[in-house]
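Novice: One structure, as C-alpha cells, below. Some questions next.
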Amino acid sequence: MAFELPKLGYAYTALEPQIDARTMEIHHSKHHNAYVTNLNAAIAGTDMDTKSIEALMNGLDMTNMAVRNNGGGHYNHTLFWEVINPEDKGVLSGPLAAAIDAAFGSKDGFQEQFAKAGATRFGSGWAWLCAHKGGKVEICSTPNQDNPLMPSTGCGGTPILGLDVWEHAYYLNYQNRRPDYIKAFFEIINWNVVEKKYAAVI
Ligand code: MN3
C-alpha cells in the first residue's frame, strides 16, 4: 500500500506571521511530497510495503538509507503539520502540563530546553518532546530525518511534539535566525493535539 501526502486541513496562509505561506507551500507540496514519493519507490515490491509508517520506523534497518531518510521524512512531517494545526489550539494544561512541570520545572523551563535542543542541532534535524508509558516526558534531538521511533537514535519514547529545524523550514522568512523561528514555533503549537498524543502513549 503506497503512502500518501496527507492533506494539511488548513490553508498555507494560516500560520502567518510565524510561518509564511510560501514556506508552508514549498515545505508541504514539494519537500514532504518528495519524501512520500521516494519512500514508496524504496518499499515497492518489498515486505515493507504492507507496514504502517510507525511499524516501518520501529523495525528499521538503519543501513537502509532510502527508507531511513524518506520514511523518517514522511513520519516527521506528518507529525509536524498536526502539532502546528491552527484550529482549536488550546493551552498547555492537565496531565501533560503536570508532566512538563515535573520534568522541566515549568512551561518556561520546557521551552528553554526544547529551544536549546533545536538551536544546537548542527546542520539539519529535529527537536522532539517524547512521552513514555507511565507519563514521563523528555526532550531530545535527532539529525537529518531520523526520529525517536527508529532504533538506537539516543532518543527514547514516542514523539508527541516535533520541530523541523532544517533550513528549508524557515530560511525564506528567518534566513540564518533559527532561534527566532524556534521562538515563533512556541506561539503556534496546538496543545490540544499534543495532549491527545500524550494521552495515547501513557
Ligand atoms: Mn522539513
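Ordering of the C-alpha cells sets the chain letters (A, B, ...), residue numbers begin anew at 1 in every chain, and ligands are numbered from 1 in the order given.
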To check your reading of the model: which residues sit at most 7 Å from ligand 1 when counting only C-alpha atoms and all ligand atoms? Write the answer as a list in words.

Specialist: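 So, counting only C-alpha atoms and all ligand atoms, the residues near ligand 1 are His27, His31, His32, His77, Asp164, Trp166, His168 and Ala169 of chain A.
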
Novice: Please provide as a ChimeraX atom specification all residues within 12 Å of Asn64 in chain A, with the sequence filter that same-chain residues fewer than 5 positions apart are discarded (counting only C-alpha atoms).

Specialist: /A:39,42-43,48,56-57,59,69-72,150

Novice: Would you pick out the contacts of range 158-160 of chain A at 7 Å or less, using only C-alpha atoms, so that residues sharing its chain but fewer than 4 positions from it are not included, and give the list as a compact mmCIF listing (two decimals) with N, CA and C atoms, in the first residue's frame?

Specialist:
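The resulting file, result_8.txt, is reproduced below:
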```
# COMPACT_ATOMS: atom_id res chain seq x y z
N TRP A 128 12.56 17.16 19.62
CA TRP A 128 11.41 16.34 19.99
C TRP A 128 11.05 16.48 21.45
N LEU A 129 9.75 16.40 21.71
CA LEU A 129 9.25 16.11 23.05
C LEU A 129 8.64 14.72 22.95
N CYS A 130 9.16 13.80 23.76
CA CYS A 130 8.71 12.41 23.71
C CYS A 130 8.05 12.02 25.03
N ALA A 131 7.09 11.11 24.94
CA ALA A 131 6.41 10.61 26.14
C ALA A 131 6.70 9.12 26.30
N HIS A 132 6.76 8.71 27.57
CA HIS A 132 6.94 7.29 27.90
C HIS A 132 5.69 6.76 28.57
N PRO A 148 12.77 9.47 17.02
CA PRO A 148 12.91 8.61 18.21
C PRO A 148 12.30 7.22 18.06
N LEU A 149 11.45 6.99 17.06
CA LEU A 149 10.90 5.65 16.87
C LEU A 149 11.94 4.69 16.29
N VAL A 194 -1.21 17.90 20.96
CA VAL A 194 -0.09 17.30 21.69
C VAL A 194 -0.61 16.55 22.92
N LYS A 197 -1.99 13.22 21.89
CA LYS A 197 -0.90 12.28 21.61
C LYS A 197 -0.30 11.75 22.91
N TYR A 198 -0.15 12.66 23.87
CA TYR A 198 0.38 12.26 25.18
C TYR A 198 -0.54 11.23 25.83
```

Novice: Using only C-alpha atoms, which residue out of A:Ile188, A:Lys136, A:Ala14, A:Arg68 lies closest to Ile100 in chain A?

Specialist: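 Closest to Ile100 in chain A, using only C-alpha atoms: A:Lys136.
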
Novice: Just want the 12 Å neighbourhood of Arg177 in chain A, counted on only C-alpha atoms, with same-chain residues fewer than 6 positions away dropped. Output as an MDAnalysis selection string.

Specialist: chainID A and resid 119 165:167 169:171 183:184
